[in-house]
$ cat my_file-v5.txt   # compact mmCIF, C-alpha atoms
# COMPACT_ATOMS: atom_id res chain seq x y z
CA MET C 1 -25.67 57.49 -10.17
CA LYS C 2 -22.88 58.29 -7.74
CA LYS C 3 -25.18 57.39 -4.84
CA ILE C 4 -26.00 54.01 -6.39
CA VAL C 5 -22.29 53.15 -6.84
CA ARG C 6 -21.56 54.23 -3.27
CA PHE C 7 -24.46 52.16 -1.97
CA GLY C 8 -23.29 49.09 -3.94
CA LEU C 9 -19.78 49.51 -2.59
CA MET C 10 -21.07 49.73 0.97
CA ILE C 11 -23.18 46.59 0.57
CA GLY C 12 -20.15 44.73 -0.82
CA LEU C 13 -17.92 45.83 2.05
CA LEU C 14 -20.61 44.91 4.56
CA ALA C 15 -20.94 41.40 3.09
CA LEU C 16 -17.16 40.98 3.22
CA ALA C 17 -17.06 42.18 6.84
CA ILE C 18 -19.80 39.73 7.86
CA ALA C 19 -18.03 36.80 6.19
CA SER C 20 -14.73 37.73 7.89
CA ALA C 21 -16.36 38.23 11.26
CA THR C 22 -18.07 34.84 11.23
CA GLY C 23 -14.85 33.17 10.00
CA GLN C 24 -16.90 30.75 7.95
CA SER C 25 -15.36 28.62 5.29
CA THR C 26 -16.92 26.41 2.66
CA ASN C 27 -16.41 22.66 2.83
CA VAL C 28 -17.14 19.99 0.26
CA VAL C 29 -18.91 17.02 1.83
CA GLN C 30 -19.07 13.70 -0.01
CA ARG C 31 -20.51 10.41 1.09
CA ALA C 32 -17.64 7.91 1.46
CA ASN C 33 -18.03 4.24 0.61
CA PHE C 34 -15.60 1.56 1.76
CA VAL C 35 -15.87 -1.83 0.06
CA LEU C 36 -13.07 -4.07 1.29
CA LYS C 37 -12.32 -7.76 1.07
CA GLY C 38 -10.35 -9.12 4.01
CA ARG C 39 -8.40 -12.34 4.25
CA ILE C 40 -8.43 -13.19 7.94
CA GLN C 41 -5.97 -15.52 9.65
CA THR C 42 -7.73 -18.39 11.40
CA SER C 43 -6.31 -21.33 13.36
CA SER C 44 -6.83 -23.62 10.35
CA GLY C 45 -6.03 -21.22 7.53
CA VAL C 46 -7.80 -18.26 6.03
CA LYS C 47 -11.34 -17.06 5.71
CA SER C 48 -12.71 -14.18 3.66
CA VAL C 49 -14.76 -11.34 5.02
CA ARG C 50 -16.34 -8.23 3.52
CA VAL C 51 -15.78 -4.98 5.38
CA VAL C 52 -18.05 -2.08 4.44
CA ASN C 53 -19.23 1.19 5.99
CA LYS C 54 -21.59 -0.40 8.50
CA ASP C 55 -18.73 -2.57 9.87
CA ILE C 56 -16.53 0.50 10.29
CA ILE C 57 -19.35 2.40 12.03
CA ALA C 58 -19.98 -0.64 14.27
CA ALA C 59 -16.25 -0.72 15.12
CA LEU C 60 -16.43 3.01 15.99
CA ASN C 61 -19.41 2.31 18.29
CA GLU C 62 -17.33 -0.42 20.00
CA THR C 63 -14.98 2.29 21.30
CA GLY C 64 -17.78 3.35 23.66
CA LYS C 65 -17.30 6.96 22.52
CA PHE C 66 -20.06 6.91 19.92
CA ASN C 67 -23.55 5.61 19.51
CA PHE C 68 -24.19 5.93 15.81
CA GLY C 69 -27.54 4.73 14.51
CA GLN C 70 -28.49 2.79 11.38
CA LYS C 71 -28.71 5.98 9.32
CA ALA C 72 -25.17 7.15 10.10
CA VAL C 73 -22.98 7.59 7.04
CA LEU C 74 -19.25 8.05 6.56
CA SER C 75 -18.34 11.23 4.73
CA PHE C 76 -15.27 12.98 3.41
CA VAL C 77 -15.04 16.64 4.32
CA GLY C 78 -12.60 18.70 2.33
CA GLY C 79 -11.83 22.38 2.41
CA GLU C 80 -10.96 24.67 -0.45
CA ASP C 81 -7.28 23.88 0.08
CA ASP C 82 -5.53 20.94 -1.55
CA GLN C 83 -5.31 18.77 1.55
CA ALA C 84 -6.66 15.22 1.77
CA PRO C 85 -10.15 15.28 3.31
CA ALA C 86 -11.09 14.47 6.88
CA ILE C 87 -13.48 11.61 7.62
CA VAL C 88 -16.61 12.36 9.65
CA VAL C 89 -19.83 10.55 10.49
CA ARG C 90 -23.04 12.36 9.52
CA GLU C 91 -26.46 11.51 10.86
CA VAL C 92 -29.84 13.01 10.20
CA ASN C 93 -32.23 12.67 13.12
CA GLY C 94 -34.46 15.60 12.42
CA GLU C 95 -31.42 17.79 12.03
CA ALA C 96 -28.07 16.84 10.56
CA THR C 97 -25.19 16.25 12.97
CA THR C 98 -21.57 15.83 11.99
CA THR C 99 -19.26 13.94 14.34
CA ASP C 100 -15.49 14.17 14.13
CA VAL C 101 -13.96 10.66 14.28
CA GLY C 102 -10.45 11.91 13.49
CA ASP C 103 -8.96 10.26 16.59
CA TYR C 104 -9.79 6.87 15.07
CA PHE C 105 -9.92 7.38 11.33
CA GLY C 106 -7.83 9.57 9.04
CA VAL C 107 -6.61 10.09 5.51
CA THR C 108 -3.22 11.43 4.51
CA GLU C 109 -1.62 11.99 1.16
CA VAL C 110 1.69 10.22 0.56
CA GLY C 111 4.14 11.88 -1.82
CA SER C 112 3.14 14.47 -4.40
CA GLU C 113 0.16 14.55 -6.73
CA VAL C 114 0.09 14.52 -10.48
CA HIS C 115 -2.63 16.59 -12.12
CA SER C 116 -4.13 17.08 -15.55
CA HIS C 117 -3.60 20.28 -17.53
CA ASN C 118 -6.86 21.89 -16.41
CA ASP C 119 -6.58 20.41 -12.88
CA ARG C 120 -9.88 18.62 -13.45
CA THR C 121 -8.21 15.29 -12.54
CA ARG C 122 -5.67 14.62 -9.83
CA TRP C 123 -3.80 11.38 -9.17
CA GLU C 124 -2.55 10.86 -5.64
CA THR C 125 -1.52 8.12 -3.22
CA TRP C 126 -3.65 8.07 -0.08
CA ASN C 127 -3.16 6.31 3.20
CA PHE C 128 -6.30 5.45 5.17
CA ALA C 129 -5.63 4.69 8.84
CA PHE C 130 -8.34 3.25 11.06
CA ASN C 131 -8.04 1.82 14.56
CA ASN C 132 -10.83 1.51 17.08
CA GLY C 133 -8.30 0.74 19.85
CA THR C 134 -10.38 -1.92 21.54
CA THR C 135 -9.00 -5.18 22.95
CA ASN C 136 -10.18 -7.19 19.95
CA GLU C 137 -9.29 -4.36 17.67
CA THR C 138 -10.58 -3.65 14.22
CA ALA C 139 -7.92 -1.69 12.42
CA PHE C 140 -6.37 -1.14 9.04
CA LEU C 141 -3.74 0.76 7.15
CA LEU C 142 -4.67 1.03 3.49
CA TRP C 143 -2.70 2.53 0.64
CA GLY C 144 -4.56 3.52 -2.47
CA ALA C 145 -4.01 4.83 -5.99
CA THR C 146 -6.50 7.67 -5.83
CA THR C 147 -8.12 9.56 -8.69
CA ILE C 148 -9.90 12.80 -7.82
CA HIS C 149 -12.31 14.22 -10.37
CA ARG C 150 -12.76 17.94 -9.84
CA GLY C 151 -15.28 20.39 -11.16
CA GLU C 152 -17.80 23.04 -10.22
CA ILE C 153 -19.98 22.30 -7.21
CA HIS C 154 -23.04 24.46 -6.80
CA SER C 155 -25.21 25.22 -3.84
CA ARG C 156 -28.11 27.68 -4.04
CA SER C 157 -27.32 29.21 -0.65
CA ILE C 158 -23.53 29.22 -0.94
CA GLY C 159 -22.77 29.60 -4.60
CA THR C 160 -20.34 27.76 -6.84
CA ILE C 161 -16.83 26.62 -6.06
CA GLU C 162 -14.28 24.39 -7.76
CA GLY C 163 -13.69 21.21 -5.76
CA SER C 164 -13.61 17.46 -5.57
CA ARG C 165 -16.72 15.96 -7.17
CA ARG C 166 -15.77 12.30 -7.13
CA ILE C 167 -13.01 10.21 -5.55
CA GLN C 168 -11.93 6.68 -6.45
CA SER C 169 -9.17 4.89 -4.55
CA ASP C 170 -8.05 1.32 -5.26
CA VAL C 171 -6.62 0.18 -1.97
CA ARG C 172 -4.71 -2.64 -0.35
CA GLY C 173 -3.49 -2.91 3.21
CA VAL C 174 -3.13 -4.79 6.44
CA GLY C 175 -4.78 -4.72 9.82
CA ARG C 176 -7.01 -6.63 12.21
CA VAL C 177 -10.61 -7.79 12.24
CA GLU C 178 -11.68 -8.55 15.80
CA GLY C 179 -8.02 -9.00 16.68
CA ALA C 180 -7.07 -11.39 13.86
CA VAL C 181 -4.45 -10.41 11.28
CA THR C 182 -6.17 -9.47 8.03
CA ILE C 183 -4.94 -8.51 4.57
CA PHE C 184 -7.30 -6.10 2.79
CA SER C 185 -7.97 -5.14 -0.80
CA GLY C 186 -10.82 -3.22 -2.36
CA SER C 187 -11.96 0.26 -3.14
CA VAL C 188 -12.97 3.49 -1.49
CA PHE C 189 -15.10 5.88 -3.47
CA SER C 190 -17.23 8.92 -3.01
CA ALA C 191 -20.11 10.65 -4.71
CA SER C 192 -22.78 13.30 -4.15
CA SER C 193 -20.67 16.36 -3.42
CA THR C 194 -22.44 19.08 -1.50
CA LEU C 195 -21.28 22.39 -0.07
CA VAL C 196 -21.65 23.29 3.59
CA LYS C 197 -20.52 26.26 5.63
CA SER C 198 -18.48 25.50 8.71
CA MET A 1 28.57 -64.36 18.93
CA LYS A 2 31.58 -62.58 17.43
CA CYS A 3 29.58 -62.02 14.22
CA LEU A 4 26.63 -60.61 16.16
CA PHE A 5 28.98 -58.24 18.03
CA LYS A 6 30.55 -57.08 14.74
CA ASN A 7 27.12 -56.49 13.22
CA THR A 8 26.00 -54.55 16.27
CA ILE A 9 29.07 -52.31 16.11
CA ALA A 10 28.55 -51.75 12.39
CA ALA A 11 24.89 -50.91 12.93
CA PHE A 12 25.79 -48.49 15.72
CA ILE A 13 28.39 -46.72 13.55
CA LEU A 14 25.91 -46.51 10.67
CA PHE A 15 23.24 -45.10 13.01
CA ALA A 16 25.71 -42.57 14.45
CA CYS A 17 26.76 -41.48 10.94
CA PHE A 18 23.11 -41.12 9.88
CA ASN A 19 22.37 -39.05 12.97
CA LEU A 20 25.36 -36.82 12.32
CA ARG A 21 24.31 -36.35 8.70
CA ALA A 22 20.78 -35.52 9.74
CA GLN A 23 22.13 -32.99 12.22
CA VAL A 24 24.34 -31.37 9.57
CA ASP A 25 21.33 -31.08 7.28
CA THR A 26 19.27 -29.51 10.06
CA ASN A 27 21.98 -26.96 10.83
CA GLN A 28 22.50 -26.02 7.19
CA THR A 29 21.44 -22.51 6.24
CA TYR A 30 19.62 -22.49 2.94
CA THR A 31 19.50 -19.46 0.69
CA THR A 32 17.11 -19.34 -2.23
CA VAL A 33 16.81 -16.95 -5.17
CA LYS A 34 14.09 -16.03 -7.62
CA ASP A 35 14.21 -14.06 -10.86
CA ALA A 36 12.59 -10.68 -10.18
CA PHE A 37 10.64 -8.56 -12.65
CA VAL A 38 9.41 -5.02 -12.04
CA THR A 39 6.60 -3.88 -14.33
CA LEU A 40 5.22 -0.50 -13.36
CA THR A 41 3.39 2.26 -15.15
CA ALA A 42 4.14 5.79 -14.02
CA LYS A 43 1.94 8.79 -14.68
CA VAL A 44 4.44 11.63 -14.73
CA GLN A 45 3.91 15.39 -14.41
CA THR A 46 5.60 17.24 -17.24
CA SER A 47 7.01 20.74 -17.07
CA GLY A 48 4.17 22.05 -19.25
CA ASP A 49 1.63 20.97 -16.62
CA GLU A 50 0.67 17.97 -18.74
CA THR A 51 1.09 14.30 -17.93
CA HIS A 52 2.68 11.46 -19.78
CA THR A 53 2.86 7.76 -19.06
CA VAL A 54 6.10 5.79 -18.87
CA ARG A 55 6.81 2.13 -18.27
CA ILE A 56 9.31 1.22 -15.58
CA THR A 57 10.98 -2.18 -15.90
CA ASN A 58 14.11 -3.91 -14.61
CA LYS A 59 16.43 -2.02 -16.95
CA ASP A 60 15.13 1.32 -15.64
CA ILE A 61 15.68 0.13 -12.07
CA LEU A 62 19.25 -0.92 -12.91
CA ALA A 63 19.85 2.41 -14.69
CA ALA A 64 18.55 4.30 -11.63
CA LEU A 65 20.87 2.23 -9.42
CA ASN A 66 23.84 3.02 -11.70
CA ALA A 67 22.89 6.70 -11.54
CA THR A 68 23.55 6.67 -7.78
CA GLY A 69 27.24 6.34 -8.67
CA VAL A 70 27.56 3.36 -6.34
CA PHE A 71 27.06 0.66 -8.98
CA ASN A 72 28.14 0.04 -12.53
CA PHE A 73 25.88 -2.75 -13.73
CA THR A 74 26.18 -3.97 -17.29
CA ASP A 75 23.36 -4.88 -19.68
CA ASP A 76 23.69 -8.52 -18.58
CA ALA A 77 22.92 -7.75 -14.94
CA LYS A 78 19.95 -9.64 -13.55
CA LEU A 79 17.62 -8.56 -10.78
CA LEU A 80 16.98 -11.31 -8.24
CA MET A 81 15.22 -11.69 -4.92
CA GLN A 82 17.28 -13.59 -2.39
CA SER A 83 15.98 -15.09 0.83
CA VAL A 84 17.84 -16.69 3.73
CA GLU A 85 16.00 -19.39 5.67
CA ALA A 86 12.59 -18.41 4.29
CA GLY A 87 13.00 -14.86 5.59
CA LEU A 88 11.64 -11.77 3.88
CA PRO A 89 13.47 -11.58 0.54
CA TYR A 90 15.76 -8.72 -0.48
CA PHE A 91 16.93 -7.55 -3.85
CA VAL A 92 20.33 -8.43 -5.27
CA VAL A 93 21.86 -8.00 -8.71
CA ARG A 94 23.84 -10.82 -10.26
CA GLU A 95 26.13 -10.42 -13.21
CA SER A 96 28.90 -12.31 -14.86
CA ILE A 97 32.09 -10.40 -15.62
CA SER A 98 34.98 -12.28 -17.24
CA ASN A 99 33.28 -15.59 -16.40
CA GLU A 100 33.12 -14.65 -12.74
CA VAL A 101 29.66 -14.44 -11.23
CA THR A 102 29.18 -11.67 -8.69
CA THR A 103 26.14 -11.04 -6.52
CA ILE A 104 25.71 -7.49 -5.26
CA ASP A 105 23.36 -6.62 -2.42
CA ILE A 106 21.33 -3.58 -3.49
CA SER A 107 18.93 -3.68 -0.55
CA ASP A 108 20.08 -0.24 0.67
CA TYR A 109 18.68 1.23 -2.56
CA LEU A 110 15.78 -1.08 -3.39
CA THR A 111 14.27 -2.18 -0.11
CA VAL A 112 11.47 -4.53 0.84
CA THR A 113 9.72 -4.27 4.19
CA GLU A 114 6.53 -5.75 5.52
CA PRO A 115 4.66 -3.27 7.73
CA ASP A 116 2.71 -5.97 9.57
CA ASP A 117 2.16 -9.72 9.81
CA ALA A 118 1.27 -11.92 6.84
CA VAL A 119 -1.72 -14.24 6.59
CA HIS A 120 -0.99 -17.91 5.97
CA GLY A 121 -3.23 -20.37 4.16
CA HIS A 122 -3.58 -24.01 5.14
CA ASN A 123 -0.08 -25.52 5.56
CA SER A 124 1.31 -22.14 4.40
CA ILE A 125 1.04 -23.24 0.77
CA MET A 126 -0.34 -19.79 -0.07
CA ASN A 127 0.47 -16.68 1.94
CA TRP A 128 -0.56 -13.05 1.68
CA GLY A 129 1.12 -9.91 2.92
CA ILE A 130 1.52 -6.21 2.25
CA TRP A 131 4.95 -5.21 1.02
CA ASN A 132 6.46 -1.77 0.92
CA ILE A 133 9.06 -1.60 -1.86
CA VAL A 134 11.16 1.57 -1.94
CA LEU A 135 13.60 2.64 -4.66
CA ASN A 136 16.19 5.30 -3.89
CA GLY A 137 17.82 5.69 -7.27
CA GLY A 138 19.94 8.43 -8.79
CA ASP A 139 18.97 11.16 -11.28
CA GLY A 140 15.75 11.89 -9.39
CA ASN A 141 14.26 8.41 -9.77
CA ASP A 142 12.54 7.01 -6.71
CA PHE A 143 9.31 5.44 -5.58
CA THR A 144 7.52 4.11 -2.54
CA PHE A 145 5.23 1.27 -3.58
CA TRP A 146 2.72 -0.71 -1.54
CA GLY A 147 1.81 -4.10 -2.92
CA PHE A 148 -0.71 -6.78 -2.12
CA THR A 149 1.63 -9.74 -2.22
CA THR A 150 0.66 -13.35 -2.85
CA LEU A 151 3.36 -15.95 -2.20
CA HIS A 152 3.18 -19.58 -3.38
CA THR A 153 5.13 -22.26 -1.53
CA GLY A 154 6.60 -25.23 -3.36
CA SER A 155 9.36 -27.83 -3.20
CA ILE A 156 12.89 -26.81 -4.03
CA PRO A 157 15.35 -29.73 -4.40
CA THR A 158 18.38 -29.40 -2.12
CA GLY A 159 20.56 -31.59 -4.31
CA ASN A 160 21.15 -34.20 -1.62
CA GLY A 161 17.87 -36.01 -2.11
CA GLY A 162 15.87 -33.68 0.06
CA ASP A 163 13.40 -30.93 -0.63
CA LEU A 164 12.90 -27.51 0.90
CA LEU A 165 9.47 -25.98 1.20
CA ARG A 166 9.99 -22.37 0.22
CA THR A 167 8.34 -19.57 -1.77
CA VAL A 168 8.79 -20.51 -5.42
CA ASN A 169 6.95 -17.56 -6.89
CA LEU A 170 5.30 -14.36 -5.73
CA SER A 171 3.41 -11.43 -7.14
CA SER A 172 3.02 -8.01 -5.55
CA SER A 173 0.39 -5.76 -7.15
CA GLY A 174 -0.06 -2.22 -6.05
CA SER A 175 0.69 1.45 -6.40
CA GLY A 176 2.66 4.30 -4.94
CA SER A 177 4.22 7.68 -5.49
CA GLY A 178 7.65 9.00 -6.34
CA HIS A 179 9.62 10.69 -9.09
CA VAL A 180 10.80 9.98 -12.61
CA GLU A 181 13.83 12.10 -13.50
CA GLY A 182 12.84 14.52 -10.76
CA ALA A 183 9.21 14.95 -11.86
CA ASN A 184 6.31 13.94 -9.62
CA ALA A 185 4.94 10.54 -10.58
CA GLN A 186 2.24 8.12 -9.49
CA PHE A 187 3.05 4.46 -10.01
CA SER A 188 0.98 1.32 -10.38
CA GLY A 189 1.77 -2.20 -11.49
CA ARG A 190 3.44 -5.22 -10.05
CA VAL A 191 6.64 -6.84 -8.96
CA ILE A 192 6.87 -10.56 -9.53
CA ALA A 193 9.53 -13.14 -8.70
CA ASP A 194 9.54 -16.70 -9.96
CA HIS A 195 11.65 -19.77 -10.61
CA GLY A 196 12.58 -20.17 -6.95
CA ARG A 197 15.72 -22.26 -6.56
CA LEU A 198 18.52 -23.03 -4.16
CA ASP A 199 21.34 -20.52 -4.35

$ encode --input "my_file-v5.txt" --output "C-alpha cells"
Amino acid sequence: MKKIVRFGLMIGLLALAIASATGQSTNVVQRANFVLKGRIQTSSGVKSVRVVNKDIIAALNETGKFNFGQKAVLSFVGGEDDQAPAIVVREVNGEATTTDVGDYFGVTEVGSEVHSHNDRTRWETWNFAFNNGTTNETAFLLWGATTIHRGEIHSRSIGTIEGSRRIQSDVRGVGRVEGAVTIFSGSVFSASSTLVKS
Amino acid sequence: MKCLFKNTIAAFILFACFNLRAQVDTNQTYTTVKDAFVTLTAKVQTSGDETHTVRITNKDILAALNATGVFNFTDDAKLLMQSVEAGLPYFVVRESISNEVTTIDISDYLTVTEPDDAVHGHNSIMNWGIWNIVLNGGDGNDFTFWGFTTLHTGSIPTGNGGDLLRTVNLSSSGSGSGHVEGANAQFSGRVIADHGRLD
C-alpha cells in the first residue's frame, strides 16, 4: 500500500515538473466576428458600407506583412487571467497556424468590470483599435459595451477550465475606410471556445 | 439735374448703410443653446458581489456636480448644451435665483470631446460623429461614455429677419464605464439635446 502511495506521489510530482519545465499555459481560443456598418464621407455626402472579417483580413494583407488566404479567421485568444484577449489570425492549411497581428489590431479594457455573483457573466467596456497603416488607411477605434459569458470549457487532451465561452460587444467608433472618414456602429461577437496549449 | 444728384446721394448712403449692416451681421458671433437630457442605465457592483441597476438622469448629474463642492445648484437648475459659432457644444447649467438668470460653465466637470472627424451628409443637414462624454463628479460618481452621435441641422431665427443654420437637435447613444457612489459601474443609454435656439 505504502509503495502504491509513493508511486502515485512520484507520478504527480513528475507531471508537475514536466508542466513547469515546458512553461505551457492554457489559452481559450474563440472565433471572432466583426459586423460593422460604416458611414463614409464622400464628396457629395455619405455612403454606407459593411465591414466584416474578410475586409479586416484584406486590410491586414494590404500592409504587405501578411498573405492570409480565404480560410483565414480572426480569433480571440485569452489566457486564464482576467485580461482582455489578444486578436490573432488562424489558418488551417493542413496544419493550423496562428499569426500574431497585435501590431495592427488590439483590444483593451477601459475602466473596471462588473460581474455577476457567480462570475458567470461579466460586463466590461472594450476598446478595439485597428490600423493597417497604409497610405489609404483602413482603421478604426471602437468602444463597446461587452458582455462575457463564462463557464466550463472542456478539451479531452487538456481538461476543463473556467473561461470565456461567449463574448458580445455592441460597438460604435470612428476611423477610415480607404482613407475616408467613417463612423462605425455594429457588433463584435465570439463563439466556439476551444482550449489550446501555448 | 439737382433732383437726380440728390437721389444718387440718397441711394449711395442707403447702399453704404446696407453694406455696413451686412458686415455687422457677418461679424456677429452667434451662440446657441439646447436643452440637454441624460438618460443612462448603470449596472453597478454591490458590496455583496451582486449587481443592481440604477437610472442616471439630469438630477443625478447635477447632484454629482454639487457633490464636488464647487457648485450649489438648486432643483430648478437646467442642463443645457451651448455652442459658439457652430462649434462642438459644451455643457452649462442655467438657473434663476431671485429673478436673475445665471449660466455656469460646467465643462471642466462634464466634458464633451470628439476623438476624430465627423461625417457630414448632403448640405450638412445630418451629421454623425463619435463623442466622448466624461463626468468627474463628487462622492465617487464618474463615467466615461462613448456615443454614436447624430446631429440634425435646422433654421434658427436670429430675430433680425435672418436665419442661422445650426444643430437644432442631437442624440448620442452609447456606453461606457465609471462609478456610482464609488462602486464599479457599466453605463449605457443616451444623451440628447433639443430645442436649439439663439442664446

$ residues_around --input "my_file-v5.txt" --residues "Gln186 of chain A" --least-positions-apart "5" --cutoff "6 Å" --atoms "only C-alpha atoms" --output "CSV table (one decimal) with C-alpha atoms, in the frame of the given file"
chain,number,residue,atom,x,y,z
A,42,ALA,CA,4.1,5.8,-14.0
A,43,LYS,CA,1.9,8.8,-14.7
A,176,GLY,CA,2.7,4.3,-4.9
A,177,SER,CA,4.2,7.7,-5.5

$ residues_around --input "my_file-v5.txt" --residues "Ser75 of chain C" --least-positions-apart "2" --cutoff "8 Å" --atoms "all atoms listed in the file" --output "JSON, numbers by chain"
{"C": [29, 30, 31, 32, 73, 77, 87, 88, 89, 90]}

$ atom_distance --input "my_file-v5.txt" --atom1 "atom CA of Phe68 of chain C" --atom2 "atom CA of Ala129 of chain C"
19.9 Å

$ residues_around --input "my_file-v5.txt" --residues "His122 of chain A" --least-positions-apart "6" --cutoff "8 Å" --atoms "all atoms listed in the file" --output "list in words"
Ser44, Gly45 and Val46 of chain C

$ write_last_selection --input "my_file-v5.txt" --atoms "C-alpha atoms" --output "CSV table (one decimal), in the frame of the given file"
chain,number,residue,atom,x,y,z
C,44,SER,CA,-6.8,-23.6,10.4
C,45,GLY,CA,-6.0,-21.2,7.5
C,46,VAL,CA,-7.8,-18.3,6.0

$ closest_atom_pairs --input "my_file-v5.txt" --of "segment 84-179 of chain C" --to "segment 189-192 of chain C" --cutoff "10 Å" --atoms "all atoms listed in the file" --output "Markdown table"
| residue | atom | partner | partner_atom | distance |
| --- | --- | --- | --- | --- |
| C:Thr146 | CA | C:Phe189 | CA | 9.1 |
| C:Thr147 | CA | C:Phe189 | CA | 9.5 |
| C:Ile148 | CA | C:Ser190 | CA | 9.6 |
| C:Ile153 | CA | C:Ser192 | CA | 9.9 |
| C:Ser164 | CA | C:Ala191 | CA | 9.5 |
| C:Arg165 | CA | C:Ala191 | CA | 6.8 |
| C:Arg166 | CA | C:Ala191 | CA | 5.2 |
| C:Ile167 | CA | C:Ser190 | CA | 5.1 |
| C:Gln168 | CA | C:Phe189 | CA | 4.4 |
| C:Ser169 | CA | C:Phe189 | CA | 6.1 |
| C:Asp170 | CA | C:Phe189 | CA | 8.6 |

$ interface_residues --input "my_file-v5.txt" --of "chain A" --to "chain C" --cutoff "7 Å" --atoms "only C-alpha atoms" --output "VMD selection string"
chain A and resid 44 to 45 49 to 51 116 to 117 119 to 122 128 to 130 146 148 175 to 178 184 to 186

$ atom_distance --input "my_file-v5.txt" --atom1 "atom CA of Thr102 of chain A" --atom2 "atom CA of Asp76 of chain A"
11.7 Å

$ closest_residue --input "my_file-v5.txt" --among "A:Asn127, A:Ser155, A:Thr39, A:Gln28" --to "Val191 of chain A" --atoms "all atoms listed in the file"
A:Thr39

$ closest_residue --input "my_file-v5.txt" --among "A:Gly161, A:Pro89, A:Gly174, A:Gly138" --to "Gly196 of chain A" --atoms "only C-alpha atoms"
A:Pro89

$ residues_around --input "my_file-v5.txt" --residues "segment 71-75 of chain A" --least-positions-apart "3" --cutoff "7 Å" --atoms "all atoms listed in the file" --output "list of chain:residue names"
A:Leu62, A:Leu65, A:Asn66

$ write_last_selection --input "my_file-v5.txt" --atoms "C-alpha atoms" --output "mmCIF file, in the frame of the given file"
data_model
loop_
_atom_site.group_PDB
_atom_site.id
_atom_site.type_symbol
_atom_site.label_atom_id
_atom_site.label_comp_id
_atom_site.auth_asym_id
_atom_site.auth_seq_id
_atom_site.Cartn_x
_atom_site.Cartn_y
_atom_site.Cartn_z
ATOM 1 C CA LEU A 62 19.250 -0.920 -12.910
ATOM 2 C CA LEU A 65 20.870 2.230 -9.420
ATOM 3 C CA ASN A 66 23.840 3.020 -11.700
#

$ atom_distance --input "my_file-v5.txt" --atom1 "atom CA of Gly162 of chain A" --atom2 "atom CA of Ala86 of chain A"
16.2 Å

$ axis_aligned_box --input "my_file-v5.txt" --around "segment 51-70 of chain A" --padding-each-side "4 Å" --output "lines of an AutoDock Vina configuration file"
center_x = 14.3
center_y = 5.2
center_z = -13.1
size_x = 34.5
size_y = 26.2
size_z = 21.4

$ residues_around --input "my_file-v5.txt" --residues "Val168 of chain A" --least-positions-apart "2" --cutoff "12 Å" --atoms "all atoms listed in the file" --output "PyMOL selection string"
chain A and resi 32-36+81-83+86+89+125-127+150-157+164-166+170-171+192-198

$ build_atoms --input "my_file-v5.txt" --residues "segment 142-153 of chain C" --atoms "N, CA and C atoms" --output "CSV table (one decimal), keeping the file's coordinate frame"
chain,number,residue,atom,x,y,z
C,142,LEU,N,-4.5,1.3,4.9
C,142,LEU,CA,-4.7,1.0,3.5
C,142,LEU,C,-3.9,2.1,2.7
C,143,TRP,N,-3.3,1.6,1.6
C,143,TRP,CA,-2.7,2.5,0.6
C,143,TRP,C,-3.4,2.4,-0.7
C,144,GLY,N,-3.7,3.6,-1.3
C,144,GLY,CA,-4.6,3.5,-2.5
C,144,GLY,C,-4.1,4.5,-3.6
C,145,ALA,N,-4.2,4.0,-4.8
C,145,ALA,CA,-4.0,4.8,-6.0
C,145,ALA,C,-5.3,5.6,-6.2
C,146,THR,N,-5.3,6.9,-6.0
C,146,THR,CA,-6.5,7.7,-5.8
C,146,THR,C,-6.7,8.7,-7.0
C,147,THR,N,-7.8,8.6,-7.6
C,147,THR,CA,-8.1,9.6,-8.7
C,147,THR,C,-9.2,10.5,-8.2
C,148,ILE,N,-8.9,11.8,-8.3
C,148,ILE,CA,-9.9,12.8,-7.8
C,148,ILE,C,-10.4,13.6,-9.0
C,149,HIS,N,-11.7,13.5,-9.3
C,149,HIS,CA,-12.3,14.2,-10.4
C,149,HIS,C,-12.8,15.5,-9.8
C,150,ARG,N,-12.4,16.6,-10.4
C,150,ARG,CA,-12.8,17.9,-9.8
C,150,ARG,C,-13.7,18.7,-10.8
C,151,GLY,N,-14.4,19.6,-10.3
C,151,GLY,CA,-15.3,20.4,-11.2
C,151,GLY,C,-16.0,21.4,-10.3
C,152,GLU,N,-17.0,22.1,-10.9
C,152,GLU,CA,-17.8,23.0,-10.2
C,152,GLU,C,-18.8,22.3,-9.4
C,153,ILE,N,-18.9,22.8,-8.1
C,153,ILE,CA,-20.0,22.3,-7.2
C,153,ILE,C,-20.8,23.5,-6.8
